[in-house]
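What follows is a single structure, written as structure tokens, with notes after it.
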4 protein chains.
Amino acid sequence: MRLDGEVLGLRNRLIQHRRYLHQYPETDFEVGKTRDYITEQIKKLGFGEIEILAQNGVKVVIRGNIPGRTLAFRADMDALPIEEETGVEFASLNKGVMHACGHDGHMTVLLGLAEWIAMHRENIKGNVVLIFQPAEETVGGALPMIKEGVLDIPEVDAIFGLHLLPDIPQGKVVMKPGVVMAQTCEFDVEITGKSAHGATPHFGIDALMASCDFVHMLQGVVSRRIPYDEKAVVTIGRMEAGEKRNIIAGKARLEGTIRTFDDKVYSKIKENIIKLLKSLELSHGIRGQYHEVVYYPAVNDDVQLTSKIAGFVDPDILVDIDPLMIAEDFSYFQQKVPGTYMFLGCRNEEKGFTAPLHSSLFNFDEEVLLLGLQIYVNILKNYS
Amino acid sequence: MRLDGEVLGLRNRLIQHRRYLHQYPETDFEVGKTRDYITEQIKKLGFGEIEILAQNGVKVVIRGNIPGRTLAFRADMDALPIEEETGVEFASLNKGVMHACGHDGHMTVLLGLAEWIAMHRENIKGNVVLIFQPAEETVGGALPMIKEGVLDIPEVDAIFGLHLLPDIPQGKVVMKPGVVMAQTCEFDVEITGKSAHGATPHFGIDALMASCDFVHMLQGVVSRRIPYDEKAVVTIGRMEAGEKRNIIAGKARLEGTIRTFDDKVYSKIKENIIKLLKSLELSHGIRGQYHEVVYYPAVNDDVQLTSKIAGFVDPDILVDIDPLMIAEDFSYFQQKVPGTYMFLGCRNEEKGFTAPLHSSLFNFDEEVLLLGLQIYVNILKNYS
Amino acid sequence: MRLDGEVLGLRNRLIQHRRYLHQYPETDFEVGKTRDYITEQIKKLGFGEIEILAQNGVKVVIRGNIPGRTLAFRADMDALPIEEETGVEFASLNKGVMHACGHDGHMTVLLGLAEWIAMHRENIKGNVVLIFQPAEETVGGALPMIKEGVLDIPEVDAIFGLHLLPDIPQGKVVMKPGVVMAQTCEFDVEITGKSAHGATPHFGIDALMASCDFVHMLQGVVSRRIPYDEKAVVTIGRMEAGEKRNIIAGKARLEGTIRTFDDKVYSKIKENIIKLLKSLELSHGIRGQYHEVVYYPAVNDDVQLTSKIAGFVDPDILVDIDPLMIAEDFSYFQQKVPGTYMFLGCRNEEKGFTAPLHSSLFNFDEEVLLLGLQIYVNILKNYS
Amino acid sequence: MRLDGEVLGLRNRLIQHRRYLHQYPETDFEVGKTRDYITEQIKKLGFGEIEILAQNGVKVVIRGNIPGRTLAFRADMDALPIEEETGVEFASLNKGVMHACGHDGHMTVLLGLAEWIAMHRENIKGNVVLIFQPAEETVGGALPMIKEGVLDIPEVDAIFGLHLLPDIPQGKVVMKPGVVMAQTCEFDVEITGKSAHGATPHFGIDALMASCDFVHMLQGVVSRRIPYDEKAVVTIGRMEAGEKRNIIAGKARLEGTIRTFDDKVYSKIKENIIKLLKSLELSHGIRGQYHEVVYYPAVNDDVQLTSKIAGFVDPDILVDIDPLMIAEDFSYFQQKVPGTYMFLGCRNEEKGFTAPLHSSLFNFDEEVLLLGLQIYVNILKNYS
């Protein structure tokens with residue numbers, strides 16, 4: 001897609017931002033330096049309506065002179081606990097931490113958008129809200145930001161987000177009405193029995209065995225209670241039960257995830273898990289508890305908004321993909337206001353950018369950030 | 001053990017009785033001809049106080065002239081649906097039915113006892129009740145006979161029974177205080193789910209899968225909830241679930257048995273089965289029902305009575321055995337009055353009597369019946 | 001869609017055919033009267049190249065005067081063991097048997113096509129093969145007809161089939177490239193253990209318990225080994241194990257189905273079932289056998305052919321549906337030659353035609369048969 | 001039982017020994033101070049043939065002047081990682097370590113025996129071997145001592161051991177031919193699968209699920225494959241599987257014990273566990289490994305020797321108990337030479353000695369040690 005001269009003119013600034021952010025990755029809510037860099041840049045551009053939400057998240061409000069919609073753009077701030085192995089000169093200086101999921105790029109596009117707005121300050125229609133959100137990779141920063149008012153004053157009409165995706169070629173973009181990323185739920189199950197000497201199991205209540213029965217009967221929930229045309233995965237990835245070989249296990253802890261593309265399917269699975277635990281309480285005499293640790297709804301792109309937005313780009317750059325079985329808490333914003341979450345292809349075999357997300361080798365051609373910026377600019381131009 | 005001359009004198013009568021009864025075996029409660037033979041013999045001896053209980057069971061009361069205890073002696077009347085293959089000249093004339101469990105012998109000893117009493121009519125102390133009971137092999141005739149008053153008028157003080165046992169040598173006898181035969185329970189489980197097309201299990205409730213989970217979790221009851229030093233077997237011997245391969249099973253039926261030597265262990269298992277069904281109702285949404293078809297308590301020989309009785313025989317004929325994992329409803333009599341159930345060895349390698357009980361080849365040396373009679377006579381002489 | 005005058009002119013003939021066939025439904029391969037009716041009608045029209053294949057299937061070859069493709073059209077002949085409850089005047093006269101799956105309609109469209117061809121005998125391009133196939137509902141008549149040469153002389157270039165479908169409105173049609181109906185496999189599993197007395201399971205090999213373990217571990221195959229974006233259902237609809245409650249089950253038999261939309265998924269499931277049985281042979285000592293009773297591949301409409309054919313009808317009558325989780329042995333023809341299997345909507349709320357397939361109330365407006373005929377006529381006109 | 005004057009005369013020495021040893025408890029093979037105390041006492045008595053085996057075990061050989069049998073007496077040396085709570089003045093001075101299993105008493109009896117022998121040096125018949133063994137509570141010191149020759153020069157004819165037992169009253173003793181303590185086996189199972197993202201289990205091999213299936217099928221081994229009249233417990237007391245909730249578990253580790261009273265039953269269970277793992281390799285594709293960590297055979301008192309020995313004590317102090325479901329590596333000595341392991345009752349309600357073995361409150365009346373010594377003295381007097 002052809003890029004505006006103004007967008008192309010921001011190339012160096014974008015590269016500067018991206019490489020700085022890449023060198024100082026931070027995780028979870030602990031993104032204080034990242035926050036400082038962003039607020040500093042924003043202030044330099046002369047935008048003063050800055051608010052810190054959800055510990056280190058940043059909300060920037062830019063009010064236009066012409067009446068129009070309030071459009072929000074969101075980038076995620078946090079990096080991953082991965083030791084970088086790309087060997088690039090701007091590689092992470094924070095040992096064991098790396099922007100391996102492209103959030104450095106996402107923030108850069110937003111900073112670029114701020115620069116572009118600064119150039120057109122007088123002609124901005126409506127309002128623009130820039131949202132820099134922490135903890136996307138961990139327990140979710142979207143919900144606390146919403147609770148603290150990120151969508152409220154001014155009231156947001158539509159929200160946009162994007163993600164780099166090495167599964168599709170550089171230059172291509174996904175804007176797909178409907179579900180594009182999975183619902184996810186991370187849960188713990190705690191099973192409490194009663195210890196006893198291993199030779200006298202009848203004096204105890206075997207939490208280890210109850211846990212195994214739980215895992216076993218869980219398979220039947222997926223195989224028998226979910227319609228064949230719904231996609232669902234339930235995985236118990238970790239289990240720890242008992243303390244010593246010759247003591248009947250008094251406690252067990254299981255850690256799992258549920259992933260679907262439909263909240264109803266998720267609810268059915270959750271309901272069945274809770275029923276299962278209740279049933280094991282009856283049959284085994286254990287006590288079973290289900291704790292939801294993290295819950296992200298499915299990323300569900302508003303059909304009308306997304307179709308409209310897709311009209312602002314060259315049709316030949318649009319590609320379709322099956323919904324991804326990974327999750328994003330952008331979905332929480334979408335539960336409040338219509339939103340579009342798009343994917344920016346960054347696979348480039350020639351230049352060797354083929355590593356998957358969350359790989360210690362993940363990297364991308366920074367040109368792709370210009371395309372991301374152009375798409376946001378087009379939205380501002382056509383939809384404000 | 002030395003036998004009295006009077007007892008030896010009854011040899012031919014006993015052989016006559018035994019062979020007649022052996023030729024006309026009958027099953028379950030349907031022992032009409034056997035009943036007629038017995039009542040006829042008893043009447044011939046001049047005993048008139050005869051009552052028919054539990055369809056074809058026979059109660060004979062013989063009142064003595066001298067005050068004393070009321071002692072009951074019980075024999076079982078029914079044969080088995082087995083085609084005899086012994087080739088003896090007095091083999092069963094009823095096709096497919098055979099006295100393969102020695103009940104012909106047990107009745108013969110009781111008829112012999114009646115003959116002996118007839119010889120000593122004037123000197124009988126206390127009362128003697130002879131009980132011929134049907135349906136020992138099937139659903140139990142003891143309980144209905146008790147309900148119809150077999151132990152009541154005159155009130156019985158102690159009861160005795162015996163069983164031929166090819167596991168021990170002819171000439172040896174078991175009189176063992178405590179449990180000698182297992183508790184048994186025959187039960188059915190019915191699981192009701194909901195049919196649906198096989199391709200849409202989520203519209204149904206799969207009774208077949210719930211049944212498999214039931215069988216699976218049942219193993220844990222035995223392996224984890226029963227102390228290691230208790231003996232218990234729970235077997236589901238038959239299961240039928242569903243109707244067609246491509247229809248989710250709406251119904252399942254399981255047939256099983258519980259065997260233990262201790263009513264508390266049995267109660268624990270039963271309680272766990274019922275809890276299991278309740279738990280499957282919760283987890284699967286099925287409806288589960290437990291029906292007890294037959295229940296026999298353990299045969300538990302009264303410690304004091306049995307020790308006393310054991311003193312009336314030569315010590316060198318007494319042998320000890322582990323409790324047998326088979327059942328007998330003589331136990332119901334023992335729940336009402338003290339009782340001793342003894343085993344009369346009938347293994348005789350020389351004469352070729354080695355076939356096990358319930359075998360189509362089972363047979364025994366009729367001399368053993370004289371020993372049985374002698375023991376009963378000794379009880380009458382010493383304990384009346 | 002507008003119908004040709006000639007097609008409309010065949011209305012009465014079609015109704016006649018359909019009602020006759022509806023009154024005399026026959027099942028499985030036993031469709032002798034149906035065969036006779038069809039051959040008689042075909043002969044009346046002057047077509048003499050008739051062959052009887054697969055017991056009572058009918059192959060009619062009509063050779064045109066002008067060179068062109070050989071196109072085959074297939075209808076299924078067999079009815080279902082269902083007692084009709086529609087109350088129509090032309091209801092089934094064969095008690096307990098009913099054309100509840102619309103095969104009477106499918107045959108009628110083919111007879112209509114024969115009539116239309118008879119009217120245009122001189123101008124027929126290429127060859128037309130009419131295939132009337134038995135046993136679609138049971139064990140499959142397609143495969144034996146193919147083995148006996150139904151696609152061979154003349155060699156068929158493309159094949160077409162259609163099915164009435166009350167899930168979509170009358171007047172609408174599905175012509176969908178790719179998989180439209182599931183692969184199905186009906187299988188039996190036989191598990192052989194060793195009988196023993198119920199109180200001594202260690203002397204036997206419990207086929208019932210092994211079967212329950214099989215059913216349990218099968219759930220893990222679906223939940224863990226099949227990708228979340230593949231559709232698969234495995235159902236054990238019937239299980240029978242053991243003979244008596246107090247005998248360790250020596251034999252068990254399970255009946256099941258596998259349904260997927262992809263032969264690779266099916267192969268993976270089958271391979272896992274066989275591995276499971278082998279593993280149970282090791283762990284339990286049983287012998288496990290897997291028998292495939294019926295296997296239908298997925299109905300997979302040739303992409304090029306179907307796209308082309310779809311161009312011969314009004315675009316506004318075309319609708320899309322998700323692939324159906326039911327099966328059809330039309331797929332066997334498609335394994336040999338490109339084929340299109342289409343669905344003819346027959347839901348008509350106004351006229352009360354809403355009962356599902358295989359319902360004792362299933363019926364349809366016969367006008368729908370004219371649309372089916374028109375589509376076949378268009379294929380002949382445009383694709384011969 | 002009446003005690004000899006000489007034995008009574010050793011009371012104070014025994015109390016001294018016991019209290020010293022009680023104050024300085026040590027664990028496992030790390031019993032260096034205990035070793036030093038023992039060797040010092042032995043040397044003081046003038047016995048010079050001392051050997052250190054199995055790190056800190058002590059073998060003392062005392063050769064008599066008169067030809068006779070070589071009799072060995074064994075005491076265990078190690079304490080438990082328990083914080084003492086008895087409040088006695090000679091309580092443990094080693095924090096967190098306590099002689100809570102009476103080994104201080106067992107060593108004391110042996111030291112007492114050495115003192116008695118010293119008094120009768122000239123008249124000792126045959127040889128006496130005193131064995132002080134470490135690590136009885138952990139991984140077993142018996143086997144290494146045997147390997148290092150503890151039974152060899154001079155060759156031992158019979159071995160004796162004793163254990164304080166608060167389950168029976170002070171003054172009573174168990175000397176029981178046959179099995180008196182369980183066989184025990186401690187084993188680990190390692191299951192190796194293949195990690196994968198939690199949303200794509202079909203790319204991995206789920207070691208967690210395979211482990212749960214293992215635990216489940218293990219119950220069937222106990223419930224179905226072991227005769228009802230054998231005592232067996234198999235417990236998996238600890239399981240750890242997987243690393244993170246959203247990663248398919250690539251590894252699992254289970255820790256368990258097998259306890260029986262019969263090596264054949266143990267072998268059958270072990271064989272079934274290994275078969276189970278092999279079967280899961282087939283069905284799941286995992287790799288399963290079974291490691292035996294500790295194995296103690298059943299303590300099986302030699303029938304002839306034990307009956308003989310029992311004749312050297314007053315019959316009225318002998319009591320019978322059911323075999324204990326705990327283990328002892330004294331059994332390894334018994335696999336080499338005939339041996340008797342006896343229990344010395346130490347329950348004393350009046351004096352408040354009722355705490356069980358391994359309790360932080362365990363204590364006993366030191367008078368009981370005199371009885372133990374007397375029994376050993378009687379053996380020397382009568383059996384040398």
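Lettering and numbering for the structure tokens are positional, with chains as A, B, ... in the shown order, residues counted from 1 in each chain, and ligands counted from 1 in the shown order.
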Practice task
Within 6 Å of Ala135 in chain B, counting only C-alpha atoms, which residues show up once you throw out same-chain ones fewer than 3 positions away? Write them as number ranges by chain, please.
Solution key: B: 28-29, 78, 138, 140-141
Practice task
Report as a VMD selection string the set of chain D residues whose atoms approach chain C to within 8 Å, with distances computed over only C-alpha atoms.
Solution key: chain D and resid 199 to 203 206 213 217 224 to 228 272 275 to 276 278 to 283
Exercise for the section: Take CA of Lys33 in chain C and CA of Phe333 in chain C and report the distance between them in Å, one decimal. Expected result: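 We find that CA of Lys33 in chain C and CA of Phe333 in chain C lie 24.8 Å from each other.
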Practice task
Just the helix (DSSP H, G or I) stuff from range 219-360 of chain B, please, per backbone DSSP, written as a PyMOL selection string.
Solution key: chain B and resi 219-225+263-284+303-310+315-317+330-334
Exercise for the section: From a DSSP calculation on the backbone, collect every residue of range 150-296 of chain D in strand (DSSP E) and output the set as an NGL selection string. Expected result: :D and (158-169 or 173-174 or 178-181 or 183-192 or 196-197 or 232-241 or 247-248 or 251-260 or 287-296)
C-alpha atoms of the current selection, written as a PDB file, in the first residue's frame:
ATOM      1  CA  ALA D 158      21.327 -67.644  63.803  1.00  0.00           C
ATOM      2  CA  ILE D 159      20.452 -63.993  64.283  1.00  0.00           C
ATOM      3  CA  PHE D 160      18.204 -62.214  66.756  1.00  0.00           C
ATOM      4  CA  GLY D 161      16.684 -58.775  66.901  1.00  0.00           C
ATOM      5  CA  LEU D 162      14.048 -57.072  68.965  1.00  0.00           C
ATOM      6  CA  HIS D 163      11.862 -53.992  68.819  1.00  0.00           C
ATOM      7  CA  LEU D 164      10.017 -52.106  71.515  1.00  0.00           C
ATOM      8  CA  LEU D 165       6.297 -52.040  70.735  1.00  0.00           C
ATOM      9  CA  PRO D 166       3.834 -49.779  72.570  1.00  0.00           C
ATOM     10  CA  ASP D 167       0.907 -51.678  70.987  1.00  0.00           C
ATOM     11  CA  ILE D 168       1.298 -54.456  73.564  1.00  0.00           C
ATOM     12  CA  PRO D 169       1.640 -54.203  77.347  1.00  0.00           C
ATOM     13  CA  VAL D 173       6.644 -60.416  74.242  1.00  0.00           C
ATOM     14  CA  VAL D 174       5.876 -61.531  70.681  1.00  0.00           C
ATOM     15  CA  GLY D 178       6.388 -66.749  60.122  1.00  0.00           C
ATOM     16  CA  VAL D 179       5.841 -63.269  58.713  1.00  0.00           C
ATOM     17  CA  VAL D 180       5.698 -60.567  61.387  1.00  0.00           C
ATOM     18  CA  MET D 181       6.452 -57.411  59.397  1.00  0.00           C
ATOM     19  CA  GLN D 183       7.629 -56.501  52.689  1.00  0.00           C
ATOM     20  CA  THR D 184       8.070 -52.923  51.503  1.00  0.00           C
ATOM     21  CA  CYS D 185       9.177 -51.428  48.232  1.00  0.00           C
ATOM     22  CA  GLU D 186       9.659 -47.748  47.545  1.00  0.00           C
ATOM     23  CA  PHE D 187       9.571 -46.930  43.862  1.00  0.00           C
ATOM     24  CA  ASP D 188       9.588 -43.987  41.505  1.00  0.00           C
ATOM     25  CA  VAL D 189       7.872 -43.848  38.162  1.00  0.00           C
ATOM     26  CA  GLU D 190       9.080 -41.369  35.588  1.00  0.00           C
ATOM     27  CA  ILE D 191       6.907 -40.637  32.621  1.00  0.00           C
ATOM     28  CA  THR D 192       8.353 -38.720  29.717  1.00  0.00           C
ATOM     29  CA  ALA D 196       3.699 -28.452  23.433  1.00  0.00           C
ATOM     30  CA  HIS D 197       1.589 -25.346  23.712  1.00  0.00           C
ATOM     31  CA  ALA D 232      -1.457 -55.570  49.808  1.00  0.00           C
ATOM     32  CA  VAL D 233      -1.331 -51.799  49.700  1.00  0.00           C
ATOM     33  CA  VAL D 234       0.006 -49.771  46.798  1.00  0.00           C
ATOM     34  CA  THR D 235       0.124 -46.029  47.382  1.00  0.00           C
ATOM     35  CA  ILE D 236       1.273 -43.238  45.118  1.00  0.00           C
ATOM     36  CA  GLY D 237       1.928 -40.607  47.732  1.00  0.00           C
ATOM     37  CA  ARG D 238       3.407 -37.946  45.518  1.00  0.00           C
ATOM     38  CA  MET D 239       3.052 -36.853  41.922  1.00  0.00           C
ATOM     39  CA  GLU D 240       4.486 -33.895  40.125  1.00  0.00           C
ATOM     40  CA  ALA D 241       3.723 -33.327  36.483  1.00  0.00           C
ATOM     41  CA  ILE D 247       2.262 -26.083  28.426  1.00  0.00           C
ATOM     42  CA  ILE D 248       1.423 -29.752  27.792  1.00  0.00           C
ATOM     43  CA  LYS D 251       7.480 -34.933  32.265  1.00  0.00           C
ATOM     44  CA  ALA D 252       5.906 -36.446  35.323  1.00  0.00           C
ATOM     45  CA  ARG D 253       7.300 -38.146  38.368  1.00  0.00           C
ATOM     46  CA  LEU D 254       5.364 -40.347  40.753  1.00  0.00           C
ATOM     47  CA  GLU D 255       6.615 -41.697  44.059  1.00  0.00           C
ATOM     48  CA  GLY D 256       5.026 -44.728  45.610  1.00  0.00           C
ATOM     49  CA  THR D 257       5.251 -47.700  47.925  1.00  0.00           C
ATOM     50  CA  ILE D 258       4.158 -51.312  47.733  1.00  0.00           C
ATOM     51  CA  ARG D 259       3.544 -53.220  50.940  1.00  0.00           C
ATOM     52  CA  THR D 260       2.612 -56.858  51.237  1.00  0.00           C
ATOM     53  CA  ARG D 287       8.193 -43.415  27.859  1.00  0.00           C
ATOM     54  CA  GLY D 288       7.685 -44.876  31.325  1.00  0.00           C
ATOM     55  CA  GLN D 289      10.391 -45.932  33.732  1.00  0.00           C
ATOM     56  CA  TYR D 290      10.139 -47.784  37.012  1.00  0.00           C
ATOM     57  CA  HIS D 291      12.933 -47.378  39.554  1.00  0.00           C
ATOM     58  CA  GLU D 292      13.109 -49.337  42.766  1.00  0.00           C
ATOM     59  CA  VAL D 293      14.510 -47.000  45.406  1.00  0.00           C
ATOM     60  CA  VAL D 294      14.299 -49.168  48.510  1.00  0.00           C
ATOM     61  CA  TYR D 295      13.302 -52.760  48.909  1.00  0.00           C
ATOM     62  CA  TYR D 296      12.928 -54.592  52.237  1.00  0.00           C
TER      63      TYR D 296
END
Practice task
Determine, counting only C-alpha atoms, which protein, DNA and RNA residues have an atom within 8 Å of an atom of range 109-124 of chain B; residues of the same chain fewer than 2 positions away are not included. Present the result as number ranges by chain.
Solution key: B: 6-7, 10, 13-14, 17, 38, 41-42, 45-46, 63-66, 73-75, 105-107, 126-127, 130, 369-370, 372-373, 376-377
Practice task
Just the residues within 12 Å of Ile146 in chain C, please, counting only C-alpha atoms, with nothing from its chain fewer than 4 positions along; format it as an MDAnalysis selection string.
Solution key: chainID C and resid 53:54 57:59 131 133 140:142 150:153 155:156 329:337
Using only C-alpha atoms, please write the residues we just selected to a file, as an mmCIF file, in the first residue's frame.
data_model
loop_
_atom_site.group_PDB
_atom_site.id
_atom_site.type_symbol
_atom_site.label_atom_id
_atom_site.label_comp_id
_atom_site.auth_asym_id
_atom_site.auth_seq_id
_atom_site.Cartn_x
_atom_site.Cartn_y
_atom_site.Cartn_z
ATOM 1 C CA LEU C 53 -25.993 -54.449 -10.258
ATOM 2 C CA ALA C 54 -25.518 -54.980 -6.540
ATOM 3 C CA GLY C 57 -29.489 -51.647 -8.202
ATOM 4 C CA VAL C 58 -30.228 -50.362 -11.693
ATOM 5 C CA LYS C 59 -27.791 -48.881 -14.200
ATOM 6 C CA ILE C 131 -27.824 -44.952 -11.312
ATOM 7 C CA GLN C 133 -28.549 -47.531 -5.825
ATOM 8 C CA GLY C 140 -23.697 -49.195 1.371
ATOM 9 C CA GLY C 141 -24.682 -50.138 -2.165
ATOM 10 C CA ALA C 142 -22.313 -47.704 -3.882
ATOM 11 C CA VAL C 150 -21.367 -48.928 -12.805
ATOM 12 C CA LEU C 151 -18.816 -46.211 -13.668
ATOM 13 C CA ASP C 152 -16.998 -48.148 -16.376
ATOM 14 C CA ILE C 153 -18.670 -48.648 -19.729
ATOM 15 C CA GLU C 155 -16.497 -44.369 -18.587
ATOM 16 C CA VAL C 156 -18.145 -41.684 -16.461
ATOM 17 C CA ASP C 329 -21.875 -43.430 0.354
ATOM 18 C CA PHE C 330 -22.096 -41.090 -2.652
ATOM 19 C CA SER C 331 -18.557 -40.394 -1.498
ATOM 20 C CA TYR C 332 -17.395 -43.697 -2.993
ATOM 21 C CA PHE C 333 -18.427 -42.477 -6.454
ATOM 22 C CA GLN C 334 -16.485 -39.265 -5.784
ATOM 23 C CA GLN C 335 -13.362 -41.279 -5.082
ATOM 24 C CA LYS C 336 -13.527 -42.483 -8.679
ATOM 25 C CA VAL C 337 -14.830 -39.477 -10.638
#
Handout entry: Atom pair CA of Pro338 in chain B / CA of Asp302 in chain B: separation (Å)
Key =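 Result for CA of Pro338 in chain B versus CA of Asp302 in chain B: 5.5 Å, one decimal.
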Exercise for the section: Find the residues near Thr27 in chain C: any atom within 12 Å, counting only C-alpha atoms, skip ones fewer than 5 places away on the same chain, and give them as a VMD selection string. Expected result: chain C and resid 32 to 35 56 76 to 82 94 to 101 103 133 to 141
Problem - Two-atom distance - CA of Asp263 in chain C, CA of Met325 in chain C (Å) - result: 13.8 Å
Practice task
Just the residues within 7 Å of Asn348 in chain B, please, counting only C-alpha atoms, with nothing from its chain fewer than 5 positions along; format it as a PyMOL selection string.
Solution key: chain B and resi 169-170+353-354
Any chance you could export the current selection's C-alpha atoms as a PDB file, in the first residue's frame?
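Result file is again01.pdb:
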ATOM      1  CA  PRO B 169     -10.818 -85.138  54.154  1.00  0.00           C
ATOM      2  CA  GLN B 170     -13.654 -87.457  55.037  1.00  0.00           C
ATOM      3  CA  PHE B 353     -14.678 -88.420  45.739  1.00  0.00           C
ATOM      4  CA  THR B 354     -12.730 -85.288  44.876  1.00  0.00           C
TER       5      THR B 354
END
Report as a CSV table (one decimal) with N, CA and C atoms, in the first residue's frame all protein, DNA and RNA residues lying within 7 Å of Val129 in chain C, evaluated on only C-alpha atoms, omitting residues in the same chain fewer than 3 positions from it.
chain,number,residue,atom,x,y,z
C,59,LYS,N,-28.6,-49.8,-13.4
C,59,LYS,CA,-27.8,-48.9,-14.2
C,59,LYS,C,-28.4,-48.7,-15.6
C,60,VAL,N,-28.7,-47.5,-16.0
C,60,VAL,CA,-29.3,-47.2,-17.3
C,60,VAL,C,-28.3,-46.4,-18.1
C,61,VAL,N,-28.0,-46.9,-19.2
C,61,VAL,CA,-27.1,-46.1,-20.1
C,61,VAL,C,-27.9,-45.6,-21.3
C,62,ILE,N,-27.8,-44.2,-21.5
C,62,ILE,CA,-28.4,-43.6,-22.6
C,62,ILE,C,-27.3,-43.0,-23.5
C,71,LEU,N,-22.1,-38.2,-18.3
C,71,LEU,CA,-22.5,-37.7,-17.0
C,71,LEU,C,-23.4,-38.8,-16.3
C,72,ALA,N,-23.1,-39.0,-15.1
C,72,ALA,CA,-23.9,-39.9,-14.3
C,72,ALA,C,-24.8,-39.2,-13.3
C,73,PHE,N,-26.0,-39.7,-13.1
C,73,PHE,CA,-26.9,-39.1,-12.0
C,73,PHE,C,-27.3,-40.3,-11.1
